[in-house]
Amino acid sequence: MGEFIRVNIDPERCLGAKECGKCIQVCPVNIFAPRGADCPHALDENEDECTLCDLCLAECETNAITIHKLYEE
Amino acid sequence: MRLLEYESKEILKEKGIPTPFGRVISAIEKAPPFPVPCVLKAQVPAGARQKAGGVVIALNNEEFQYKTAQMLSGTVRGYRVNKILVEERIDVLEEFYMGIIYDTVAKSPVAIFSPQGGIDIEKLAQERPESVHKRHFSVRHGLLEYEAREIISLAGVGGKRLVALSNILALLASIFLENDATVAEINPVAQTRKGTVMALDCRLEIDDDALYRHTDIQRKSRDPDRTEGGREKSSFEEKAAEIDGLDQRGVAGRLIEFDGNLGLIIGGGGASLTAFDAVKRYGGRPANYCEIGGNPSVLKTKELTKHILSKPGVEKIAVIMNVVSNTRVDLMARGVIKGILETGRRPSETVAVFRVPGAWEKEGFKILSRYGVEYCDRTVSIDEAARRAVEKLGGSHPNRK
């Protein structure tokens, strides 16, 4: 788990890596990793590299992704 | 990259600039390649070699053997001597200075000439500015011979010497431009008693960023004796270089090891040098010098922080950069704090000062506040940040202000 950033993907909303997978494609720091055809998962070791560019948020059609700045909570 | 004297002279010779007859040796020989007396010149990429015993005269064959052996077994200005340029001794009547440098303020190359050669030109320019003559010239057209003649003529040199010297100065300017040099200097250029004008010494420094355009010179840069000053990288420095290679993002790991108690995570071009010097000026003892910048990944900054803190004797770290636009403050803060936490220390007690203002600083300062780390914005100078860091480690040196 990241020390500063936590990226959550709601599996109920996510269309899955096979049908969508746009978050994997757009993330410049490789936070998202495929898990077969299912919902991608955020790599613990990469979460703190998140640049807060919001490309994944913009691409996700179902608003399945939330990004938490842990240092603000 | 600074070329060795004999390498620079090869370039001069190709251009037709006369130099003394000489040969490079790398082992002890019984006799010089021409009759004594001769001059032995240590081939190291450093100036002021004569003062350091790197230029000596051999009056006979015994002296030649003895002095060659002595030179090849020693160091000059920190560099191991592997090659000696043996040159004929020139009977000098008069010495001059000429050089081409790039004026970063005028954004133009500038030719410099002085009728007083063989001396420190910077010192001369300060003490007797009237004896140093300069002229800027275009990178497109180079220094035309009539322009070179004007500079030398203004210095009070006339006759045949004027023609010979202006020809050499114009050729030196073309060498400067063709080789992407940052410095091209002949000091001294001498008039001999036989009436010829020749380059007795030469310094050529090539812009590192342009080396790819000069593959023959680039190959020479890999010579470890030239780049490392005869000193091998310590395992601490090797490890830092490995960290820098973890990914392609930014720089975090060009490090030089020292033996102090204050770890430095510093960067920003000249800002890292400024910060290092300021720490020293206030009586601090740096554990390292390093360069960080270009927006390194959190991973690299974290690993570098851990690495510096792993060095025995390091009590605190100072994180100092100039106002950064191409490095994100929040990502720097994340890396530094994560590194500290992974060593089991407290960020608030480990960071002596965090002075990285610039892009995303509000976000960065939020992170630092969260962990109780004291930070500075751009209203605090690099010098003041260094002073505060030294003070945190037990106060400034009593003789420093």
# chains A, B, ... in the order shown; residues from 1 in each chain; ligands from 1

$ residues_around --residues "Phe32 in chain A" --least-positions-apart "6" --cutoff "12 Å" --atoms "only C-alpha atoms" --output "PyMOL selection string"
chain A and resi 6-9+16-17+21-26+39-47+49-50+56+65

$ write_last_selection --atoms "N, CA and C atoms" --output "PDB file, in the first residue's frame"
ATOM      1  N   ARG A   6      -3.440   6.348  -2.307  1.00  0.00           N
ATOM      2  CA  ARG A   6      -4.121   5.053  -2.445  1.00  0.00           C
ATOM      3  C   ARG A   6      -5.079   5.145  -3.636  1.00  0.00           C
ATOM      4  N   VAL A   7      -4.966   4.169  -4.522  1.00  0.00           N
ATOM      5  CA  VAL A   7      -5.828   4.134  -5.703  1.00  0.00           C
ATOM      6  C   VAL A   7      -6.791   2.965  -5.544  1.00  0.00           C
ATOM      7  N   ASN A   8      -8.073   3.266  -5.540  1.00  0.00           N
ATOM      8  CA  ASN A   8      -9.088   2.208  -5.423  1.00  0.00           C
ATOM      9  C   ASN A   8      -9.844   2.052  -6.738  1.00  0.00           C
ATOM     10  N   ILE A   9     -10.138   0.801  -7.061  1.00  0.00           N
ATOM     11  CA  ILE A   9     -10.957   0.530  -8.250  1.00  0.00           C
ATOM     12  C   ILE A   9     -12.169  -0.269  -7.782  1.00  0.00           C
ATOM     13  N   GLY A  16     -13.685  -4.067 -16.526  1.00  0.00           N
ATOM     14  CA  GLY A  16     -12.689  -5.137 -16.663  1.00  0.00           C
ATOM     15  C   GLY A  16     -11.643  -4.809 -17.704  1.00  0.00           C
ATOM     16  N   ALA A  17     -10.511  -5.453 -17.546  1.00  0.00           N
ATOM     17  CA  ALA A  17      -9.361  -5.164 -18.416  1.00  0.00           C
ATOM     18  C   ALA A  17      -9.614  -5.587 -19.849  1.00  0.00           C
ATOM     19  N   GLY A  21      -9.912  -1.480 -19.871  1.00  0.00           N
ATOM     20  CA  GLY A  21      -8.444  -1.450 -19.656  1.00  0.00           C
ATOM     21  C   GLY A  21      -7.781  -0.125 -19.997  1.00  0.00           C
ATOM     22  N   LYS A  22      -8.598   0.950 -20.126  1.00  0.00           N
ATOM     23  CA  LYS A  22      -8.011   2.237 -20.523  1.00  0.00           C
ATOM     24  C   LYS A  22      -7.082   2.797 -19.442  1.00  0.00           C
ATOM     25  N   CYS A  23      -7.403   2.533 -18.189  1.00  0.00           N
ATOM     26  CA  CYS A  23      -6.558   3.038 -17.097  1.00  0.00           C
ATOM     27  C   CYS A  23      -5.137   2.480 -17.230  1.00  0.00           C
ATOM     28  N   ILE A  24      -5.038   1.215 -17.644  1.00  0.00           N
ATOM     29  CA  ILE A  24      -3.715   0.586 -17.808  1.00  0.00           C
ATOM     30  C   ILE A  24      -2.950   1.292 -18.925  1.00  0.00           C
ATOM     31  N   GLN A  25      -3.690   1.638 -19.960  1.00  0.00           N
ATOM     32  CA  GLN A  25      -3.039   2.256 -21.128  1.00  0.00           C
ATOM     33  C   GLN A  25      -2.573   3.688 -20.851  1.00  0.00           C
ATOM     34  N   VAL A  26      -3.366   4.444 -20.101  1.00  0.00           N
ATOM     35  CA  VAL A  26      -3.044   5.877 -19.990  1.00  0.00           C
ATOM     36  C   VAL A  26      -2.117   6.221 -18.822  1.00  0.00           C
ATOM     37  N   CYS A  39     -11.279  -6.914 -13.354  1.00  0.00           N
ATOM     38  CA  CYS A  39     -10.936  -5.541 -12.971  1.00  0.00           C
ATOM     39  C   CYS A  39      -9.431  -5.430 -12.686  1.00  0.00           C
ATOM     40  N   PRO A  40      -8.739  -4.458 -13.277  1.00  0.00           N
ATOM     41  CA  PRO A  40      -7.306  -4.295 -12.977  1.00  0.00           C
ATOM     42  C   PRO A  40      -7.107  -3.980 -11.496  1.00  0.00           C
ATOM     43  N   HIS A  41      -5.884  -4.131 -11.043  1.00  0.00           N
ATOM     44  CA  HIS A  41      -5.602  -3.740  -9.654  1.00  0.00           C
ATOM     45  C   HIS A  41      -4.455  -2.737  -9.629  1.00  0.00           C
ATOM     46  N   ALA A  42      -4.433  -1.949  -8.542  1.00  0.00           N
ATOM     47  CA  ALA A  42      -3.364  -0.959  -8.401  1.00  0.00           C
ATOM     48  C   ALA A  42      -2.167  -1.626  -7.729  1.00  0.00           C
ATOM     49  N   LEU A  43      -0.993  -1.429  -8.331  1.00  0.00           N
ATOM     50  CA  LEU A  43       0.219  -2.039  -7.765  1.00  0.00           C
ATOM     51  C   LEU A  43       0.665  -1.236  -6.539  1.00  0.00           C
ATOM     52  N   ASP A  44       0.744  -1.928  -5.401  1.00  0.00           N
ATOM     53  CA  ASP A  44       1.126  -1.254  -4.155  1.00  0.00           C
ATOM     54  C   ASP A  44       2.415  -0.453  -4.308  1.00  0.00           C
ATOM     55  N   GLU A  45       3.418  -1.089  -4.947  1.00  0.00           N
ATOM     56  CA  GLU A  45       4.746  -0.464  -5.004  1.00  0.00           C
ATOM     57  C   GLU A  45       4.783   0.760  -5.920  1.00  0.00           C
ATOM     58  N   ASN A  46       3.746   0.922  -6.750  1.00  0.00           N
ATOM     59  CA  ASN A  46       3.754   2.064  -7.681  1.00  0.00           C
ATOM     60  C   ASN A  46       2.796   3.179  -7.278  1.00  0.00           C
ATOM     61  N   GLU A  47       1.951   2.927  -6.293  1.00  0.00           N
ATOM     62  CA  GLU A  47       0.933   3.932  -5.962  1.00  0.00           C
ATOM     63  C   GLU A  47       1.541   5.297  -5.631  1.00  0.00           C
ATOM     64  N   GLU A  49       3.983   6.649  -6.844  1.00  0.00           N
ATOM     65  CA  GLU A  49       4.499   7.344  -8.034  1.00  0.00           C
ATOM     66  C   GLU A  49       3.403   8.152  -8.713  1.00  0.00           C
ATOM     67  N   CYS A  50       2.157   8.014  -8.258  1.00  0.00           N
ATOM     68  CA  CYS A  50       1.025   8.703  -8.894  1.00  0.00           C
ATOM     69  C   CYS A  50       1.303  10.199  -9.004  1.00  0.00           C
ATOM     70  N   CYS A  56      -6.443   8.682 -15.673  1.00  0.00           N
ATOM     71  CA  CYS A  56      -7.253   7.483 -15.450  1.00  0.00           C
ATOM     72  C   CYS A  56      -8.699   7.884 -15.110  1.00  0.00           C
ATOM     73  N   ILE A  65     -12.787   4.546 -10.546  1.00  0.00           N
ATOM     74  CA  ILE A  65     -11.493   4.802  -9.871  1.00  0.00           C
ATOM     75  C   ILE A  65     -11.626   5.977  -8.902  1.00  0.00           C
TER      76      ILE A  65
END

$ interface_residues --of "chain B" --to "chain A" --cutoff "7 Å" --atoms "only C-alpha atoms" --output "list in words"
Ser297, Val298, Ile367 and Arg370 of chain B

$ select_by_dssp --residues "chain A" --states "alpha helix (DSSP H)" --output "PyMOL selection string"
chain A and resi 22-26+55-59

$ closest_residue --among "A:Ala33, A:Ala64, A:Ala58, A:Leu52" --to "Glu12 in chain A" --atoms "only C-alpha atoms"
A:Ala64

$ decode --residues "range 35-70 of chain A" --atoms "C-alpha atoms" --output "PDB file, in the first residue's frame"
ATOM      1  CA  ARG A  35      -5.610  -9.340 -13.623  1.00  0.00           C
ATOM      2  CA  GLY A  36      -6.808 -11.467 -16.506  1.00  0.00           C
ATOM      3  CA  ALA A  37     -10.034 -10.177 -17.987  1.00  0.00           C
ATOM      4  CA  ASP A  38     -11.189  -8.928 -14.593  1.00  0.00           C
ATOM      5  CA  CYS A  39     -10.936  -5.541 -12.971  1.00  0.00           C
ATOM      6  CA  PRO A  40      -7.306  -4.295 -12.977  1.00  0.00           C
ATOM      7  CA  HIS A  41      -5.602  -3.740  -9.654  1.00  0.00           C
ATOM      8  CA  ALA A  42      -3.364  -0.959  -8.401  1.00  0.00           C
ATOM      9  CA  LEU A  43       0.219  -2.039  -7.765  1.00  0.00           C
ATOM     10  CA  ASP A  44       1.126  -1.254  -4.155  1.00  0.00           C
ATOM     11  CA  GLU A  45       4.746  -0.464  -5.004  1.00  0.00           C
ATOM     12  CA  ASN A  46       3.754   2.064  -7.681  1.00  0.00           C
ATOM     13  CA  GLU A  47       0.933   3.932  -5.962  1.00  0.00           C
ATOM     14  CA  ASP A  48       3.271   6.567  -4.531  1.00  0.00           C
ATOM     15  CA  GLU A  49       4.499   7.344  -8.034  1.00  0.00           C
ATOM     16  CA  CYS A  50       1.025   8.703  -8.894  1.00  0.00           C
ATOM     17  CA  THR A  51       1.491  12.143 -10.424  1.00  0.00           C
ATOM     18  CA  LEU A  52      -2.159  13.097  -9.849  1.00  0.00           C
ATOM     19  CA  CYS A  53      -2.502  13.680 -13.587  1.00  0.00           C
ATOM     20  CA  ASP A  54      -6.087  12.346 -13.453  1.00  0.00           C
ATOM     21  CA  LEU A  55      -5.786  10.696 -16.880  1.00  0.00           C
ATOM     22  CA  CYS A  56      -7.253   7.483 -15.450  1.00  0.00           C
ATOM     23  CA  LEU A  57     -10.183   9.404 -13.939  1.00  0.00           C
ATOM     24  CA  ALA A  58     -10.849  11.092 -17.253  1.00  0.00           C
ATOM     25  CA  GLU A  59     -10.747   7.841 -19.209  1.00  0.00           C
ATOM     26  CA  CYS A  60     -12.811   5.685 -16.838  1.00  0.00           C
ATOM     27  CA  GLU A  61     -16.327   5.661 -18.275  1.00  0.00           C
ATOM     28  CA  THR A  62     -17.918   4.214 -15.169  1.00  0.00           C
ATOM     29  CA  ASN A  63     -16.163   6.367 -12.542  1.00  0.00           C
ATOM     30  CA  ALA A  64     -14.800   3.218 -10.931  1.00  0.00           C
ATOM     31  CA  ILE A  65     -11.493   4.802  -9.871  1.00  0.00           C
ATOM     32  CA  THR A  66     -10.925   6.938  -6.793  1.00  0.00           C
ATOM     33  CA  ILE A  67      -7.607   8.444  -5.758  1.00  0.00           C
ATOM     34  CA  HIS A  68      -6.967   9.254  -2.095  1.00  0.00           C
ATOM     35  CA  LYS A  69      -4.246  11.585  -0.907  1.00  0.00           C
ATOM     36  CA  LEU A  70      -3.513   9.924   2.398  1.00  0.00           C
TER      37      LEU A  70
END
